[in-house]
$ cat structure18.json   # JSON, C-alpha atoms
[["chain", "number", "residue", "atom", "x", "y", "z"],
["A", 1, "MET", "CA", -61.89, 22.38, 22.69],
["A", 2, "GLN", "CA", -61.61, 20.80, 19.26],
["A", 3, "THR", "CA", -59.48, 21.91, 16.36],
["A", 4, "LEU", "CA", -60.47, 21.23, 12.77],
["A", 5, "GLN", "CA", -57.25, 20.00, 11.31],
["A", 6, "SER", "CA", -55.72, 17.30, 9.18],
["A", 7, "PRO", "CA", -51.97, 17.32, 9.81],
["A", 8, "ALA", "CA", -51.45, 14.21, 7.68],
["A", 9, "HIS", "CA", -52.12, 16.20, 4.54],
["A", 10, "ILE", "CA", -49.11, 18.02, 3.18],
["A", 11, "THR", "CA", -51.27, 20.88, 1.87],
["A", 12, "SER", "CA", -52.54, 21.67, 5.35],
["A", 13, "GLN", "CA", -48.95, 21.95, 6.54],
["A", 14, "ILE", "CA", -48.07, 24.30, 3.67],
["A", 15, "ASN", "CA", -51.23, 26.39, 3.58],
["A", 16, "GLY", "CA", -51.92, 26.28, 7.31],
["A", 17, "ILE", "CA", -55.07, 25.46, 9.22],
["A", 18, "VAL", "CA", -57.86, 27.34, 10.95],
["A", 19, "GLY", "CA", -58.26, 26.56, 14.65],
["A", 20, "ILE", "CA", -61.66, 26.79, 16.29],
["A", 21, "ALA", "CA", -62.40, 26.77, 20.00],
["A", 22, "TYR", "CA", -66.14, 26.25, 20.31],
["A", 23, "GLU", "CA", -67.53, 26.87, 23.78],
["A", 24, "CYS", "CA", -71.22, 27.19, 22.84],
["A", 25, "VAL", "CA", -72.13, 23.62, 23.76],
["A", 26, "GLN", "CA", -75.13, 23.14, 26.01],
["A", 27, "ASN", "CA", -74.19, 20.55, 28.60],
["A", 28, "GLU", "CA", -75.80, 20.81, 32.02],
["A", 29, "ASP", "CA", -73.23, 18.41, 33.52],
["A", 30, "PHE", "CA", -70.25, 20.55, 32.55],
["A", 31, "VAL", "CA", -69.81, 24.20, 33.42],
["A", 32, "MET", "CA", -66.75, 25.90, 31.95],
["A", 33, "PRO", "CA", -65.03, 27.70, 34.81],
["A", 34, "PHE", "CA", -63.73, 31.18, 34.23],
["A", 35, "ASP", "CA", -59.99, 30.63, 34.39],
["A", 36, "LEU", "CA", -57.64, 33.32, 33.11],
["A", 37, "GLU", "CA", -54.61, 31.06, 33.57],
["A", 38, "LEU", "CA", -56.26, 28.45, 31.33],
["A", 39, "LEU", "CA", -56.83, 31.05, 28.59],
["A", 40, "MET", "CA", -53.24, 32.26, 28.82],
["A", 41, "GLY", "CA", -52.00, 28.66, 28.70],
["A", 42, "ALA", "CA", -54.08, 28.00, 25.58],
["A", 43, "ALA", "CA", -52.62, 31.11, 23.93],
["A", 44, "ARG", "CA", -49.07, 29.94, 24.75],
["A", 45, "PHE", "CA", -49.88, 26.44, 23.45],
["A", 46, "TYR", "CA", -51.10, 27.67, 20.07],
["A", 47, "SER", "CA", -48.21, 30.08, 19.66],
["A", 48, "SER", "CA", -45.68, 27.30, 20.32],
["A", 49, "CYS", "CA", -47.46, 24.63, 18.28],
["A", 50, "PRO", "CA", -45.51, 23.38, 15.24],
["A", 51, "ILE", "CA", -48.67, 23.57, 13.14],
["A", 52, "HIS", "CA", -49.03, 26.70, 11.01],
["A", 53, "PHE", "CA", -52.26, 28.44, 12.06],
["A", 54, "LYS", "CA", -53.69, 30.79, 9.45],
["A", 55, "ALA", "CA", -56.43, 31.93, 11.80],
["A", 56, "PHE", "CA", -58.04, 31.09, 15.11],
["A", 57, "HIS", "CA", -61.70, 31.56, 16.02],
["A", 58, "PHE", "CA", -62.97, 31.44, 19.59],
["A", 59, "CYS", "CA", -66.75, 31.03, 19.89],
["A", 60, "TYR", "CA", -68.32, 31.47, 23.31],
["A", 61, "ASP", "CA", -71.72, 32.10, 24.87],
["A", 62, "ASP", "CA", -70.75, 33.32, 28.35],
["A", 63, "TYR", "CA", -70.49, 37.11, 28.51],
["A", 64, "LYS", "CA", -68.23, 36.83, 31.56],
["A", 65, "MET", "CA", -65.43, 35.59, 29.28],
["A", 66, "ARG", "CA", -65.31, 38.84, 27.29],
["A", 67, "PRO", "CA", -62.91, 40.75, 29.63],
["A", 68, "ALA", "CA", -60.55, 37.76, 29.82],
["A", 69, "LEU", "CA", -60.50, 37.40, 26.04],
["A", 70, "SER", "CA", -59.75, 41.10, 25.71],
["A", 71, "PHE", "CA", -56.83, 40.67, 28.09],
["A", 72, "VAL", "CA", -55.57, 37.61, 26.18],
["A", 73, "GLN", "CA", -55.74, 39.59, 22.93],
["A", 74, "LEU", "CA", -53.64, 42.34, 24.49],
["A", 75, "ALA", "CA", -51.07, 39.75, 25.60],
["A", 76, "MET", "CA", -50.85, 38.22, 22.10],
["A", 77, "GLY", "CA", -48.32, 39.35, 19.60],
["A", 78, "LYS", "CA", -49.40, 41.60, 16.75],
["A", 79, "ARG", "CA", -49.42, 38.79, 14.17],
["A", 80, "ALA", "CA", -51.54, 36.50, 16.38],
["A", 81, "ARG", "CA", -53.93, 39.34, 17.19],
["A", 82, "LEU", "CA", -54.51, 39.96, 13.49],
["A", 83, "ARG", "CA", -55.41, 36.29, 12.99],
["A", 84, "PHE", "CA", -57.61, 35.88, 16.07],
["A", 85, "ARG", "CA", -61.39, 36.34, 16.04],
["A", 86, "ALA", "CA", -63.66, 36.05, 19.07],
["A", 87, "HIS", "CA", -67.36, 35.43, 18.41],
["A", 88, "TYR", "CA", -69.94, 35.91, 21.16],
["A", 89, "GLY", "CA", -73.47, 34.59, 20.87],
["A", 90, "THR", "CA", -75.69, 31.55, 20.89],
["A", 91, "ASP", "CA", -74.80, 28.36, 19.05],
["A", 92, "THR", "CA", -76.71, 29.47, 15.95],
["A", 93, "GLU", "CA", -75.23, 32.98, 15.98],
["A", 94, "CYS", "CA", -71.69, 31.64, 16.26],
["A", 95, "ARG", "CA", -72.33, 29.19, 13.40],
["A", 96, "TYR", "CA", -73.48, 32.06, 11.17],
["A", 97, "LYS", "CA", -70.43, 34.13, 12.14],
["A", 98, "LEU", "CA", -68.12, 31.23, 11.24],
["A", 99, "MET", "CA", -69.92, 30.80, 7.90],
["A", 100, "THR", "CA", -69.08, 34.42, 7.00],
["A", 101, "PHE", "CA", -65.42, 33.34, 7.09],
["A", 102, "GLY", "CA", -66.10, 30.34, 4.83],
["A", 103, "ILE", "CA", -65.83, 27.75, 7.60],
["A", 104, "PRO", "CA", -68.03, 24.67, 7.02],
["A", 105, "THR", "CA", -70.10, 24.47, 10.19],
["A", 106, "HIS", "CA", -71.35, 20.99, 9.32],
["A", 107, "ALA", "CA", -67.84, 19.76, 10.22],
["A", 108, "LEU", "CA", -68.07, 21.07, 13.79],
["A", 109, "PRO", "CA", -68.45, 18.33, 16.40],
["A", 110, "VAL", "CA", -71.68, 19.92, 17.68],
["A", 111, "HIS", "CA", -75.19, 18.70, 16.86],
["A", 112, "GLU", "CA", -77.06, 21.62, 15.29],
["A", 113, "ALA", "CA", -80.49, 20.92, 16.77],
["A", 114, "THR", "CA", -79.50, 20.15, 20.36],
["A", 115, "SER", "CA", -76.13, 21.98, 20.66],
["A", 116, "THR", "CA", -74.54, 18.89, 22.17],
["A", 117, "ILE", "CA", -71.23, 17.29, 21.24],
["A", 118, "ASN", "CA", -71.43, 14.85, 18.32],
["A", 119, "MET", "CA", -68.04, 13.60, 17.08],
["A", 120, "GLU", "CA", -69.24, 11.71, 13.94],
["A", 121, "PRO", "CA", -69.16, 14.73, 11.54],
["A", 122, "TYR", "CA", -65.72, 15.66, 12.88],
["A", 123, "TYR", "CA", -64.33, 12.17, 12.14],
["A", 124, "ALA", "CA", -65.96, 12.19, 8.70],
["A", 125, "PHE", "CA", -64.33, 15.57, 7.99],
["A", 126, "LEU", "CA", -60.92, 14.21, 8.94],
["A", 127, "GLU", "CA", -61.39, 11.12, 6.75],
["A", 128, "ALA", "CA", -62.27, 13.19, 3.66]]

$ encode --input "structure18.json" --output "structure tokens"
Amino acid sequence: MQTLQSPAHITSQINGIVGIAYECVQNEDFVMPFDLELLMGAARFYSSCPIHFKAFHFCYDDYKMRPALSFVQLAMGKRARLRFRAHYGTDTECRYKLMTFGIPTHALPVHEATSTINMEPYYAFLEA
């Protein structure tokens, strides 16, 4: 899970950041286990984080995660639930859904053609 953020900039602390969990990466060596406790722990982590999150997007391509995400949304507070968006689909579909919210998908650490992790655009985004 990567988060597009730049905490060194004062404006990102004032205006807040948008967190993105992107689980649409094709990697045959790694299979994301379905773990409800992990999802609840992630929700607790982001709610206790000192960074001001304006919104959080969770992109996933495994339909088995849908019931767990629904449960996590029920466990969230009202304010967090209003700022949380779950996007189900392929890598391309999730990219298009993120673009509708004005999120630059070229900054995601995922190679567009192969859907594999590529950290260079992410580091370039943080340097800018």

$ residues_around --input "structure18.json" --residues "stretch 58-67 of chain A" --least-positions-apart "4" --cutoff "9 Å" --atoms "all atoms listed in the file" --output "PDB file with C-alpha atoms, keeping the file's coordinate frame"
ATOM      1  CA  GLY A  19     -58.260  26.560  14.650  1.00  0.00           C
ATOM      2  CA  ILE A  20     -61.660  26.790  16.290  1.00  0.00           C
ATOM      3  CA  ALA A  21     -62.400  26.770  20.000  1.00  0.00           C
ATOM      4  CA  TYR A  22     -66.140  26.250  20.310  1.00  0.00           C
ATOM      5  CA  GLU A  23     -67.530  26.870  23.780  1.00  0.00           C
ATOM      6  CA  CYS A  24     -71.220  27.190  22.840  1.00  0.00           C
ATOM      7  CA  VAL A  25     -72.130  23.620  23.760  1.00  0.00           C
ATOM      8  CA  PHE A  34     -63.730  31.180  34.230  1.00  0.00           C
ATOM      9  CA  ASP A  35     -59.990  30.630  34.390  1.00  0.00           C
ATOM     10  CA  LEU A  36     -57.640  33.320  33.110  1.00  0.00           C
ATOM     11  CA  PHE A  71     -56.830  40.670  28.090  1.00  0.00           C
ATOM     12  CA  VAL A  72     -55.570  37.610  26.180  1.00  0.00           C
ATOM     13  CA  PHE A  84     -57.610  35.880  16.070  1.00  0.00           C
ATOM     14  CA  ARG A  85     -61.390  36.340  16.040  1.00  0.00           C
ATOM     15  CA  ALA A  86     -63.660  36.050  19.070  1.00  0.00           C
ATOM     16  CA  HIS A  87     -67.360  35.430  18.410  1.00  0.00           C
ATOM     17  CA  TYR A  88     -69.940  35.910  21.160  1.00  0.00           C
ATOM     18  CA  GLY A  89     -73.470  34.590  20.870  1.00  0.00           C
ATOM     19  CA  THR A  90     -75.690  31.550  20.890  1.00  0.00           C
ATOM     20  CA  ASP A  91     -74.800  28.360  19.050  1.00  0.00           C
ATOM     21  CA  CYS A  94     -71.690  31.640  16.260  1.00  0.00           C
ATOM     22  CA  ARG A  95     -72.330  29.190  13.400  1.00  0.00           C
ATOM     23  CA  LEU A  98     -68.120  31.230  11.240  1.00  0.00           C
TER      24      LEU A  98
END

$ atom_distance --input "structure18.json" --atom1 "atom CA of A:Gly16" --atom2 "atom CA of A:Ala55"
8.5 Å

$ closest_residue --input "structure18.json" --among "A:Glu37, A:Ala80, A:Ile14, A:Ser70" --to "A:His52" --atoms "all atoms listed in the file"
A:Ile14

$ atom_distance --input "structure18.json" --atom1 "atom CA of A:Leu69" --atom2 "atom CA of A:His57"
11.7 Å

$ closest_residue --input "structure18.json" --among "A:Ser48, A:Thr92, A:Thr11, A:Gln73" --to "A:Glu112" --atoms "only C-alpha atoms"
A:Thr92

$ atom_distance --input "structure18.json" --atom1 "atom CA of A:Asn15" --atom2 "atom CA of A:Gly102"
15.4 Å

$ closest_residue --input "structure18.json" --among "A:Ala107, A:Val18, A:Met119, A:Leu74" --to "A:Ile51" --atoms "all atoms listed in the file"
A:Val18

$ closest_residue --input "structure18.json" --among "A:Tyr123, A:Pro50, A:Lys97, A:Arg83" --to "A:Pro109" --atoms "all atoms listed in the file"
A:Tyr123

$ build_atoms --input "structure18.json" --residues "stretch 79-90 of chain A" --atoms "all heavy atoms" --output "short mmCIF file (atom, residue, chain, number, x, y, z; two decimals), in the frame of the given file"
data_model
loop_
_atom_site.label_atom_id
_atom_site.label_comp_id
_atom_site.auth_asym_id
_atom_site.auth_seq_id
_atom_site.Cartn_x
_atom_site.Cartn_y
_atom_site.Cartn_z
N ARG A 79 -49.04 39.72 15.23
CA ARG A 79 -49.42 38.79 14.17
C ARG A 79 -50.56 37.88 14.63
O ARG A 79 -51.52 37.65 13.90
CB ARG A 79 -48.22 37.93 13.75
CG ARG A 79 -48.54 37.02 12.60
CD ARG A 79 -47.34 36.14 12.23
NE ARG A 79 -47.67 35.22 11.18
CZ ARG A 79 -48.39 34.12 11.32
NH1 ARG A 79 -48.87 33.80 12.49
NH2 ARG A 79 -48.64 33.34 10.30
N ALA A 80 -50.49 37.37 15.86
CA ALA A 80 -51.54 36.50 16.38
C ALA A 80 -52.84 37.28 16.56
O ALA A 80 -53.92 36.75 16.29
CB ALA A 80 -51.10 35.88 17.70
N ARG A 81 -52.74 38.52 16.99
CA ARG A 81 -53.93 39.34 17.19
C ARG A 81 -54.65 39.60 15.87
O ARG A 81 -55.88 39.64 15.82
CB ARG A 81 -53.54 40.65 17.87
CG ARG A 81 -54.66 41.36 18.52
CD ARG A 81 -54.27 42.52 19.41
NE ARG A 81 -53.12 43.30 19.03
CZ ARG A 81 -51.94 43.26 19.66
NH1 ARG A 81 -51.78 42.48 20.69
NH2 ARG A 81 -50.94 44.01 19.26
N LEU A 82 -53.89 39.74 14.80
CA LEU A 82 -54.51 39.96 13.49
C LEU A 82 -55.25 38.72 13.00
O LEU A 82 -56.19 38.83 12.22
CB LEU A 82 -53.45 40.35 12.46
CG LEU A 82 -52.84 41.73 12.63
CD1 LEU A 82 -51.66 41.90 11.68
CD2 LEU A 82 -53.88 42.79 12.40
N ARG A 83 -54.82 37.55 13.44
CA ARG A 83 -55.41 36.29 12.99
C ARG A 83 -56.43 35.70 13.96
O ARG A 83 -56.97 34.65 13.71
CB ARG A 83 -54.30 35.24 12.77
CG ARG A 83 -53.29 35.64 11.72
CD ARG A 83 -53.93 35.65 10.39
NE ARG A 83 -52.98 35.96 9.33
CZ ARG A 83 -53.29 35.92 8.08
NH1 ARG A 83 -54.50 35.60 7.71
NH2 ARG A 83 -52.40 36.22 7.17
N PHE A 84 -56.71 36.38 15.04
CA PHE A 84 -57.61 35.88 16.07
C PHE A 84 -58.96 36.58 15.97
O PHE A 84 -59.04 37.80 15.83
CB PHE A 84 -57.01 36.13 17.46
CG PHE A 84 -57.88 35.67 18.59
CD1 PHE A 84 -57.87 34.36 18.99
CD2 PHE A 84 -58.70 36.56 19.26
CE1 PHE A 84 -58.67 33.93 20.03
CE2 PHE A 84 -59.50 36.15 20.30
CZ PHE A 84 -59.48 34.82 20.69
N ARG A 85 -60.04 35.79 16.03
CA ARG A 85 -61.39 36.34 16.04
C ARG A 85 -62.17 35.72 17.17
O ARG A 85 -62.20 34.49 17.32
CB ARG A 85 -62.13 36.06 14.73
CG ARG A 85 -61.53 36.71 13.51
CD ARG A 85 -61.80 38.22 13.53
NE ARG A 85 -61.31 38.85 12.33
CZ ARG A 85 -60.13 39.42 12.20
NH1 ARG A 85 -59.30 39.41 13.20
NH2 ARG A 85 -59.77 39.99 11.09
N ALA A 86 -62.79 36.54 18.00
CA ALA A 86 -63.66 36.05 19.07
C ALA A 86 -65.10 36.32 18.65
O ALA A 86 -65.43 37.42 18.19
CB ALA A 86 -63.34 36.77 20.38
N HIS A 87 -65.95 35.32 18.80
CA HIS A 87 -67.36 35.43 18.41
C HIS A 87 -68.22 35.12 19.62
O HIS A 87 -68.15 34.03 20.18
CB HIS A 87 -67.70 34.44 17.29
CG HIS A 87 -66.78 34.53 16.11
ND1 HIS A 87 -66.78 35.62 15.25
CD2 HIS A 87 -65.83 33.68 15.66
CE1 HIS A 87 -65.87 35.40 14.31
NE2 HIS A 87 -65.28 34.24 14.55
N TYR A 88 -69.05 36.08 20.02
CA TYR A 88 -69.94 35.91 21.16
C TYR A 88 -71.36 35.74 20.65
O TYR A 88 -71.80 36.46 19.76
CB TYR A 88 -69.87 37.12 22.10
CG TYR A 88 -70.94 37.12 23.16
CD1 TYR A 88 -70.84 36.26 24.24
CD2 TYR A 88 -72.04 37.94 23.06
CE1 TYR A 88 -71.82 36.23 25.20
CE2 TYR A 88 -73.03 37.93 24.02
CZ TYR A 88 -72.92 37.07 25.09
OH TYR A 88 -73.90 37.04 26.04
N GLY A 89 -72.08 34.77 21.22
CA GLY A 89 -73.47 34.59 20.87
C GLY A 89 -73.93 33.16 21.14
O GLY A 89 -73.20 32.34 21.68
N THR A 90 -75.15 32.90 20.74
CA THR A 90 -75.69 31.55 20.89
C THR A 90 -75.02 30.63 19.89
O THR A 90 -74.25 31.07 19.03
CB THR A 90 -77.21 31.55 20.65
OG1 THR A 90 -77.46 31.94 19.30
CG2 THR A 90 -77.93 32.49 21.61
#
